[in-house]
>>> print(open('coords-v5.cif').read())   # mmCIF, C-alpha atoms
data_protein
#
loop_
_atom_site.label_atom_id
_atom_site.label_comp_id
_atom_site.auth_asym_id
_atom_site.auth_seq_id
_atom_site.Cartn_x
_atom_site.Cartn_y
_atom_site.Cartn_z
CA MET A 1 109.29 126.69 68.31
CA LYS A 2 110.15 129.45 70.74
CA ILE A 3 108.67 127.49 73.63
CA ILE A 4 110.74 124.44 72.83
CA LYS A 5 113.84 126.58 72.74
CA ILE A 6 113.01 128.00 76.14
CA ILE A 7 112.31 124.58 77.62
CA VAL A 8 115.59 123.22 76.32
CA LEU A 9 117.40 126.22 77.74
CA VAL A 10 115.74 125.82 81.13
CA LEU A 11 116.65 122.17 81.24
CA LEU A 12 120.20 122.93 80.23
CA VAL A 13 120.62 125.61 82.89
CA ALA A 14 119.03 123.34 85.49
CA PHE A 15 121.31 120.50 84.46
CA VAL A 16 124.38 122.68 84.88
CA GLY A 17 122.95 124.11 88.09
CA ILE A 18 122.42 120.76 89.80
CA GLN A 19 126.04 119.85 89.21
CA PHE A 20 126.92 122.36 91.92
CA ILE A 21 124.77 120.72 94.58
CA PRO A 22 127.16 118.81 96.78
CA THR A 23 126.74 115.05 97.14
CA SER A 24 128.38 112.85 99.70
CA ARG A 25 130.75 110.36 98.15
CA ASN A 26 131.07 106.90 99.57
CA LEU A 27 134.85 106.65 99.66
CA SER A 28 137.28 105.23 102.18
CA SER A 29 140.95 104.46 101.73
CA THR A 30 141.22 102.07 104.67
CA VAL A 31 139.72 98.62 104.99
CA PRO A 32 138.70 98.08 108.63
CA LYS A 33 139.65 94.94 110.53
CA THR A 34 135.98 94.04 110.68
CA ASP A 35 135.79 93.56 106.90
CA PHE A 36 134.18 90.34 105.66
CA MET A 37 137.34 89.34 103.78
CA LEU A 38 139.55 89.85 106.83
CA VAL A 39 137.24 88.18 109.34
CA ASN A 40 136.70 85.13 107.13
CA LYS A 41 139.12 83.17 105.01
CA VAL A 42 137.50 83.90 101.69
CA PRO A 43 138.89 82.13 98.61
CA THR A 44 140.39 84.63 96.13
CA THR A 45 137.92 83.88 93.36
CA ILE A 46 135.00 84.60 95.64
CA GLN A 47 136.75 87.68 97.02
CA ASN A 48 137.02 89.10 93.51
CA LYS A 49 133.41 88.39 92.72
CA LEU A 50 132.13 89.97 95.90
CA GLN A 51 134.37 92.97 95.37
CA ILE A 52 133.10 93.56 91.84
CA SER A 53 129.45 92.60 92.25
CA CYS A 54 128.65 93.69 95.81
CA TYR A 55 131.14 96.07 97.37
CA ASP A 56 130.10 99.19 95.43
CA CYS A 57 126.88 99.41 97.43
CA HIS A 58 127.66 97.18 100.41
CA SER A 59 130.88 98.67 101.73
CA ASN A 60 132.36 102.04 102.68
CA ASN A 61 134.15 102.39 99.37
CA THR A 62 132.46 102.71 95.99
CA GLY A 63 134.36 102.53 92.72
CA TYR A 64 132.85 105.50 90.87
CA PRO A 65 132.79 105.42 87.09
CA TRP A 66 132.80 108.90 85.48
CA TYR A 67 129.06 109.00 84.71
CA ASN A 68 128.21 108.48 88.34
CA LYS A 69 129.86 111.74 89.22
CA ILE A 70 127.27 113.59 87.13
CA GLN A 71 123.84 114.58 88.46
CA PRO A 72 121.20 113.26 88.57
CA ALA A 73 122.93 109.86 88.24
CA ALA A 74 124.95 110.59 91.38
CA TRP A 75 121.77 111.11 93.43
CA PHE A 76 120.28 107.92 92.17
CA LEU A 77 123.42 106.07 93.14
CA GLU A 78 123.72 107.82 96.49
CA ASP A 79 120.29 106.54 97.49
CA HIS A 80 121.14 103.00 96.46
CA ILE A 81 124.40 103.02 98.36
CA LYS A 82 122.76 104.41 101.49
CA GLU A 83 120.09 101.74 101.38
CA GLY A 84 122.56 99.00 100.49
CA LYS A 85 124.88 99.83 103.34
CA ALA A 86 122.06 100.01 105.86
CA GLU A 87 120.99 96.54 104.78
CA LEU A 88 124.45 94.97 104.71
CA ASN A 89 127.90 96.49 105.06
CA PHE A 90 130.67 93.98 104.38
CA ASN A 91 133.17 96.35 106.01
CA GLU A 92 131.31 96.00 109.33
CA TRP A 93 130.88 92.24 109.22
CA GLY A 94 132.96 91.63 112.35
CA GLU A 95 130.70 93.91 114.37
CA TYR A 96 127.57 91.91 113.62
CA SER A 97 126.39 89.48 116.30
CA ASP A 98 126.27 85.80 115.30
CA ARG A 99 122.50 86.05 115.20
CA ARG A 100 122.72 88.90 112.73
CA LYS A 101 125.42 87.20 110.67
CA ASN A 102 123.10 84.24 110.36
CA SER A 103 120.27 86.49 109.15
CA LYS A 104 122.53 88.33 106.73
CA LEU A 105 123.95 85.11 105.27
CA ARG A 106 120.49 83.74 104.79
CA SER A 107 119.44 86.91 102.98
CA ILE A 108 122.60 86.93 100.84
CA ILE A 109 121.91 83.35 99.79
CA SER A 110 118.25 83.93 99.01
CA GLN A 111 118.88 87.20 97.15
CA ILE A 112 121.50 85.59 94.92
CA GLU A 113 119.40 82.47 94.41
CA ASP A 114 116.42 84.55 93.31
CA ASP A 115 118.56 86.79 91.05
CA GLU A 116 117.51 89.84 93.02
CA MET A 117 121.07 90.89 93.71
CA PRO A 118 123.07 92.42 92.15
CA LEU A 119 120.32 94.80 91.02
CA ASP A 120 119.34 94.78 87.35
CA SER A 121 119.79 98.55 87.16
CA TYR A 122 123.36 98.02 88.33
CA THR A 123 124.39 95.11 86.11
CA LEU A 124 122.87 96.89 83.11
CA ILE A 125 125.87 99.21 83.10
CA HIS A 126 128.35 97.19 85.18
CA THR A 127 128.17 94.12 83.01
CA ASP A 128 131.18 92.64 84.80
CA ALA A 129 129.09 92.54 88.00
CA ASN A 130 126.78 89.94 86.47
CA LEU A 131 127.04 86.58 88.21
CA SER A 132 127.09 83.46 86.05
CA GLU A 133 125.32 80.29 87.19
CA THR A 134 128.68 78.86 88.35
CA ASP A 135 129.53 82.09 90.19
CA LYS A 136 126.19 81.93 91.93
CA LYS A 137 126.65 78.31 92.93
CA GLU A 138 130.14 78.98 94.28
CA ILE A 139 129.09 81.99 96.32
CA ILE A 140 126.00 80.24 97.68
CA LYS A 141 128.05 77.19 98.64
CA TYR A 142 130.60 79.33 100.45
CA MET A 143 127.97 81.42 102.27
CA THR A 144 126.08 78.28 103.30
CA GLN A 145 129.30 76.88 104.75
CA LEU A 146 129.89 80.06 106.74
CA LYS A 147 126.33 79.96 108.01
CA ASN A 148 126.59 76.36 109.13
CA ASN A 149 129.82 77.09 110.99
CA LEU A 150 128.46 79.99 113.00
CA MET B 1 115.12 144.20 76.02
CA ARG B 2 113.23 141.07 74.93
CA LYS B 3 116.34 139.03 75.30
CA LEU B 4 116.85 140.26 78.83
CA LYS B 5 113.27 139.35 79.73
CA LYS B 6 113.77 135.89 78.37
CA THR B 7 116.98 135.39 80.29
CA ILE B 8 115.38 136.56 83.52
CA GLY B 9 112.46 134.23 82.84
CA ILE B 10 114.76 131.28 82.35
CA LEU B 11 116.74 132.03 85.47
CA THR B 12 113.57 132.26 87.53
CA MET B 13 112.31 128.95 86.26
CA THR B 14 115.65 127.34 87.03
CA LEU B 15 115.61 128.73 90.53
CA VAL B 16 112.10 127.41 91.08
CA THR B 17 113.16 123.96 89.86
CA LEU B 18 116.15 123.90 92.15
CA THR B 19 114.16 125.08 95.15
CA ALA B 20 111.53 122.46 94.50
CA MET B 21 114.23 119.80 94.48
CA SER B 22 115.88 120.96 97.68
CA CYS B 23 112.46 120.94 99.38
CA LYS B 24 112.37 117.18 99.14
CA ASP B 25 114.87 116.66 101.93
CA GLY B 26 113.15 119.16 104.19
CA LYS B 27 109.86 117.32 103.93
CA LYS B 28 111.45 114.03 104.90
CA GLU B 29 112.78 115.48 108.12
CA GLY B 30 109.40 116.97 108.95
CA ALA B 31 107.65 113.66 108.45
CA ALA B 32 109.76 111.99 111.11
CA GLU B 33 108.33 114.12 113.87
CA PRO B 34 104.74 112.88 114.13
CA MET B 35 106.07 109.35 114.39
CA SER B 36 108.12 110.09 117.48
CA ASN B 37 105.08 111.81 118.96
CA GLU B 38 103.05 108.69 118.50
CA MET B 39 105.70 106.69 120.25
CA HIS B 40 105.55 108.94 123.27
CA GLN B 41 101.81 108.53 123.36
CA GLU B 42 102.17 104.79 123.40
CA ASP B 43 104.57 105.09 126.30
CA GLY B 44 101.92 107.02 128.15
CA ASN B 45 99.34 104.34 127.48
CA ASN B 46 101.63 101.67 128.84
CA GLN B 47 101.97 103.55 132.09
CA ASP B 48 98.21 103.87 132.41
CA GLY B 49 97.83 100.14 131.90
CA SER B 50 96.16 98.17 134.67
CA LYS B 51 98.96 95.62 135.02
CA GLN B 52 100.87 97.40 137.73
CA MET B 53 102.37 94.21 139.10
CA ALA B 54 104.17 93.31 135.91
CA ASN B 55 107.30 95.31 135.12
CA ALA B 56 107.63 97.46 132.03
CA GLY B 57 109.66 94.77 130.26
CA SER B 58 107.00 92.09 130.24
CA ASN B 59 104.37 94.64 129.22
CA ALA B 60 106.43 95.51 126.21
CA SER B 61 107.02 91.85 125.39
CA ASP B 62 103.23 91.37 125.48
CA ALA B 63 102.89 94.02 122.78
CA ILE B 64 105.61 92.30 120.77
CA ILE B 65 103.87 88.93 121.03
CA ASP B 66 100.52 90.48 120.07
CA ASN B 67 101.86 92.05 116.90
CA TYR B 68 103.92 88.95 116.11
CA LEU B 69 100.72 86.88 116.29
CA LYS B 70 98.98 89.42 114.06
CA ILE B 71 101.66 88.90 111.41
CA LYS B 72 101.27 85.16 111.83
CA ASN B 73 97.49 85.31 111.40
CA ALA B 74 97.82 87.55 108.33
CA LEU B 75 100.26 85.10 106.71
CA VAL B 76 97.94 82.20 107.51
CA ALA B 77 95.21 84.16 105.70
CA ASP B 78 97.57 84.99 102.78
CA ASN B 79 97.06 88.67 103.58
CA GLN B 80 100.16 90.68 102.63
CA VAL B 81 98.69 94.06 103.60
CA LYS B 82 97.76 93.10 107.14
CA ALA B 83 101.09 91.36 107.69
CA ALA B 84 102.89 94.51 106.55
CA GLU B 85 100.81 96.68 108.87
CA ALA B 86 101.52 94.50 111.91
CA GLY B 87 105.20 94.37 110.88
CA GLY B 88 105.38 98.15 111.04
CA ASN B 89 103.80 98.17 114.50
CA LEU B 90 106.17 95.48 115.66
CA VAL B 91 109.17 97.67 114.78
CA ALA B 92 107.83 100.32 117.19
CA ASP B 93 107.24 97.66 119.87
CA PHE B 94 110.86 96.57 119.68
CA ASP B 95 111.96 100.20 120.04
CA ASP B 96 109.79 100.55 123.15
CA PHE B 97 111.13 97.45 124.81
CA ASP B 98 112.75 98.27 128.15
CA LYS B 99 115.65 95.98 129.05
CA ALA B 100 116.53 97.71 132.32
CA SER B 101 115.20 94.99 134.61
CA TYR B 102 117.39 92.23 133.16
CA SER B 103 120.94 91.17 134.03
CA SER B 104 123.72 92.58 131.87
CA GLU B 105 124.22 89.22 130.18
CA GLU B 106 120.52 88.98 129.35
CA GLN B 107 120.55 92.58 128.18
CA GLN B 108 123.32 91.81 125.72
CA GLU B 109 121.39 88.84 124.40
CA LEU B 110 118.19 90.87 124.17
CA THR B 111 120.02 93.65 122.33
CA ASP B 112 121.25 91.14 119.75
CA ILE B 113 117.80 89.60 119.39
CA ILE B 114 115.99 92.92 119.07
CA GLU B 115 118.49 94.33 116.60
CA ASP B 116 117.98 91.33 114.36
CA ALA B 117 114.23 91.00 114.89
CA LYS B 118 113.63 94.66 114.15
CA GLU B 119 115.19 94.30 110.73
CA HIS B 120 112.96 91.35 109.94
CA ALA B 121 109.89 93.27 111.09
CA GLU B 122 110.94 96.19 108.87
CA HIS B 123 111.24 93.88 105.90
CA ILE B 124 107.86 92.35 106.63
CA SER B 125 106.37 95.84 106.60
CA GLU B 126 107.54 96.49 103.03
CA SER B 127 107.94 93.19 101.17
CA PRO B 128 105.86 90.92 98.96
CA MET B 129 104.39 87.91 100.74
CA GLU B 130 107.00 85.29 99.92
CA HIS B 131 109.66 87.56 101.38
CA GLN B 132 107.49 88.28 104.38
CA ARG B 133 107.40 84.55 105.02
CA GLU B 134 111.18 84.20 104.77
CA HIS B 135 111.65 86.97 107.28
CA PHE B 136 108.89 85.61 109.48
CA ASP B 137 110.85 82.36 109.74
CA ILE B 138 113.89 84.10 111.30
CA LEU B 139 111.70 86.51 113.25
CA SER B 140 109.98 83.51 114.85
CA LYS B 141 113.32 82.18 116.04
CA ASP B 142 114.14 85.60 117.51
CA VAL B 143 110.81 85.90 119.32
CA ILE B 144 111.08 82.35 120.69
CA ASP B 145 114.57 83.14 122.03
CA MET B 146 113.32 86.42 123.45
CA ILE B 147 110.48 84.74 125.33
CA ALA B 148 112.97 82.23 126.75
CA ILE B 149 114.54 85.22 128.54
CA THR B 150 111.56 87.47 129.28
CA GLY B 151 108.90 84.84 129.87
CA THR B 152 105.24 85.58 129.16
CA ASP B 153 101.85 85.23 130.83
CA LYS B 154 100.30 84.11 127.58
CA LYS B 155 99.50 80.55 126.67
CA LEU B 156 101.44 79.82 123.47
CA TYR B 157 102.13 76.84 121.23
CA GLN B 158 105.47 76.43 119.51
CA ASP B 159 104.75 74.81 116.16
CA PHE B 160 107.03 73.31 113.54
CA CYS B 161 106.62 72.88 109.79
CA PRO B 162 109.23 70.40 108.47
CA MET B 163 108.84 71.37 104.82
CA TYR B 164 109.51 75.09 104.72
CA ASN B 165 112.91 76.51 103.65
CA ASP B 166 113.93 73.57 101.43
CA ASN B 167 112.90 70.99 103.98
CA LYS B 168 115.07 72.54 106.65
CA GLY B 169 111.91 73.32 108.56
CA ALA B 170 110.63 76.42 110.31
CA GLN B 171 109.06 77.22 113.67
CA TRP B 172 106.31 79.61 114.62
CA LEU B 173 104.26 80.58 117.66
CA SER B 174 100.51 80.40 117.90
CA ALA B 175 97.93 81.17 120.57
CA SER B 176 95.74 78.21 119.60
CA LYS B 177 96.45 74.50 119.56
CA GLU B 178 95.07 73.90 116.09
CA ILE B 179 97.77 73.95 113.36
CA LYS B 180 97.36 76.81 110.89
CA ASN B 181 100.49 77.14 108.81
CA PRO B 182 101.74 80.70 108.19
CA TYR B 183 104.45 79.59 105.73
CA TYR B 184 102.09 78.06 103.19
CA GLY B 185 98.74 79.60 104.09
CA SER B 186 95.81 78.19 102.18
CA LYS B 187 98.15 75.97 100.10
CA MET B 188 98.96 73.71 103.02
CA MET B 189 97.09 74.98 106.02
CA GLY B 190 97.44 71.85 108.13
CA CYS B 191 101.14 71.19 107.62
CA GLY B 192 103.03 71.09 110.91
CA GLU B 193 102.91 69.91 114.49
CA VAL B 194 103.03 71.28 118.01
CA GLN B 195 106.60 71.08 119.30
CA LYS B 196 106.15 72.57 122.70
CA GLU B 197 103.59 74.30 124.88
CA ILE B 198 104.62 77.53 126.56
CA ASN B 199 102.75 77.97 129.89
#
>>> encode(input="coords-v5.cif", output="structure tokens")
Amino acid sequence: MKIIKIIVLVLLVAFVGIQFIPTSRNLSSTVPKTDFMLVNKVPTTIQNKLQISCYDCHSNNTGYPWYNKIQPAAWFLEDHIKEGKAELNFNEWGEYSDRRKNSKLRSIISQIEDDEMPLDSYTLIHTDANLSETDKKEIIKYMTQLKNNL
Amino acid sequence: MRKLKKTIGILTMTLVTLTAMSCKDGKKEGAAEPMSNEMHQEDGNNQDGSKQMANAGSNASDAIIDNYLKIKNALVADNQVKAAEAGGNLVADFDDFDKASYSSEEQQELTDIIEDAKEHAEHISESPMEHQREHFDILSKDVIDMIAITGTDKKLYQDFCPMYNDNKGAQWLSASKEIKNPYYGSKMMGCGEVQKEIN
């Protein structure tokens, strides 16, 4: 019994302790001119979907729900955002060369087609980020158009 | 007294836990160093190379083509591990590529190509085989465009498979005339045709 008590206490203290370790927040109040939505004429419905389903990890501004401000969830998220932004940052779209845009569009299309994005671990909590079959078709159609017009 | 001991014990354990966690970042930084050392060694090897006539650029593009062909051969053999290994080496080759001897326009083009190709090589180094093949498709286009600028001493065949990527088709480079399809491997080894001979 005593041991369990001690373990619980240790965990509790550790849990409180890690809250004081600083994390970098992915927040930005300005949308740069190079943003995907500003560079391209994106229909509003698709804009909304991309904003909700993609922009949290693929832009410079994440909408943080309260539980993502708590460790260790914040670390988990931080890693995902870092990786996501390195892979594709919609805010920097205008800076990509045409060759890279072509690659990115192809990856966007194939990831959505194969249901690999948005991540399951993300849609589990952000249920509104789930893409329906029609959403998927619309986004893929739009991205294919962009790709063909490069 | 016993209570105090307990509290001290708990605090120590907590400290140890926290220190262990903060160590993680330190290790990552340390691991980056040997890699850059390796790269310098490779540079040295290039300088020792016998091809003194050729400039540094075409030497580097030789290394790129070699590792590209290794990925191709691995995909032909349905070998994910070998493709990943060659993909990792190809990333380093792109980093080593020296653009200095090209015109500024060509340099810009090469920068774009390398930036894109490097990402595909990275993905090949860490993805399951079907993804490796998708990235190999775009990588092939990049390498073909790169060779159009840098040229090569190697004899290469530019092949085309009309079926891959939802019948949009995909190209690849090979050192031998015989068709061995890297997009389908053993499933459809002979699918494709020679589009063009380089050299």
>>> atom_distance(input="coords-v5.cif", atom1="atom CA of A:Phe20", atom2="atom CA of A:Asn61")
22.5 Å
>>> atom_distance(input="coords-v5.cif", atom1="atom CA of A:Ile18", atom2="atom CA of A:Pro72")
7.7 Å
>>> axis_aligned_box(input="coords-v5.cif", around="stretch 78-90 of chain B", padding_each_side="5 Å", output="lines of an AutoDock Vina configuration file")
center_x = 101.6
center_y = 91.6
center_z = 109.1
size_x = 19.1
size_y = 23.2
size_z = 23.0
>>> interface_residues(input="coords-v5.cif", of="chain A", to="chain B", cutoff="9 Å", atoms="all atoms listed in the file", output="list in words")
Ile6, Ile7, Leu9, Val10, Leu11, Val13, Ala14, Gly17, Ile18, Glu87, Tyr96, Ser97, Asp98, Arg99, Arg100, Ser103 and Ser107 of chain A
>>> residues_around(input="coords-v5.cif", residues="A:Phe90", least_positions_apart="2", cutoff="8 Å", atoms="all atoms listed in the file", output="JSON list (two decimals) with C-alpha atoms, keeping the file's coordinate frame")
[["chain", "number", "residue", "atom", "x", "y", "z"],
["A", 35, "ASP", "CA", 135.79, 93.56, 106.90],
["A", 36, "PHE", "CA", 134.18, 90.34, 105.66],
["A", 55, "TYR", "CA", 131.14, 96.07, 97.37],
["A", 58, "HIS", "CA", 127.66, 97.18, 100.41],
["A", 59, "SER", "CA", 130.88, 98.67, 101.73],
["A", 88, "LEU", "CA", 124.45, 94.97, 104.71],
["A", 92, "GLU", "CA", 131.31, 96.00, 109.33],
["A", 93, "TRP", "CA", 130.88, 92.24, 109.22]]
>>> atom_distance(input="coords-v5.cif", atom1="atom CA of B:Met146", atom2="atom CA of A:Asn148")
22.0 Å
>>> resolve_selection(input="coords-v5.cif", expression="the PyMOL selection byres ((chain B and resi 81-86) around 6)", output="tab-separated table (two decimals) with C-alpha atoms, in the frame of the given file")
chain	number	residue	atom	x	y	z
B	67	ASN	CA	101.86	92.05	116.90
B	71	ILE	CA	101.66	88.90	111.41
B	74	ALA	CA	97.82	87.55	108.33
B	79	ASN	CA	97.06	88.67	103.58
B	80	GLN	CA	100.16	90.68	102.63
B	87	GLY	CA	105.20	94.37	110.88
B	88	GLY	CA	105.38	98.15	111.04
B	89	ASN	CA	103.80	98.17	114.50
B	124	ILE	CA	107.86	92.35	106.63
B	125	SER	CA	106.37	95.84	106.60
>>> resolve_selection(input="coords-v5.cif", expression="the PyMOL selection byres ((chain A and resi 145) around 12)", output="list in words")
Asn40, Lys41, Val42, Asn102, Leu105, Arg106, Ile109, Glu138, Ile139, Ile140, Lys141, Tyr142, Met143, Thr144, Leu146, Lys147, Asn148, Asn149 and Leu150 of chain A
>>> resolve_selection(input="coords-v5.cif", expression="the PyMOL selection byres ((chain B and resi 189) around 12)", output="list in words")
Asn73, Leu75, Val76, Ala77, Asp78, Cys161, Glu178, Ile179, Lys180, Asn181, Pro182, Tyr183, Tyr184, Gly185, Ser186, Lys187, Met188, Gly190, Cys191, Gly192 and Glu193 of chain B
>>> residues_near_point(input="coords-v5.cif", point="(97.2, 73.9, 118.3)", cutoff="10 Å", atoms="only C-alpha atoms", output="PyMOL selection string")
chain B and resi 156-159+173-180+192-195+197
>>> closest_residue(input="coords-v5.cif", among="A:Thr127, A:Ser132, A:Ser110, A:Ser53", to="B:Asp166", atoms="all atoms listed in the file")
A:Ser110
>>> closest_residue(input="coords-v5.cif", among="A:Ile52, A:Ile21, A:Ala86, A:Leu12", to="A:Tyr122", atoms="all atoms listed in the file")
A:Ile52
>>> residues_around(input="coords-v5.cif", residues="A:Asn130", least_positions_apart="3", cutoff="10 Å", atoms="all atoms listed in the file", output="PyMOL selection string")
chain A and resi 49+52-53+115+117-120+122-127+133+135-136
>>> residues_around(input="coords-v5.cif", residues="B:Asn199", least_positions_apart="5", cutoff="8 Å", atoms="all atoms listed in the file", output="JSON, numbers by chain")
{"B": [153, 154, 155, 156]}
>>> write_last_selection(input="coords-v5.cif", atoms="C-alpha atoms", output="tab-separated table (two decimals), in the coordinates of the input")
chain	number	residue	atom	x	y	z
B	153	ASP	CA	101.85	85.23	130.83
B	154	LYS	CA	100.30	84.11	127.58
B	155	LYS	CA	99.50	80.55	126.67
B	156	LEU	CA	101.44	79.82	123.47
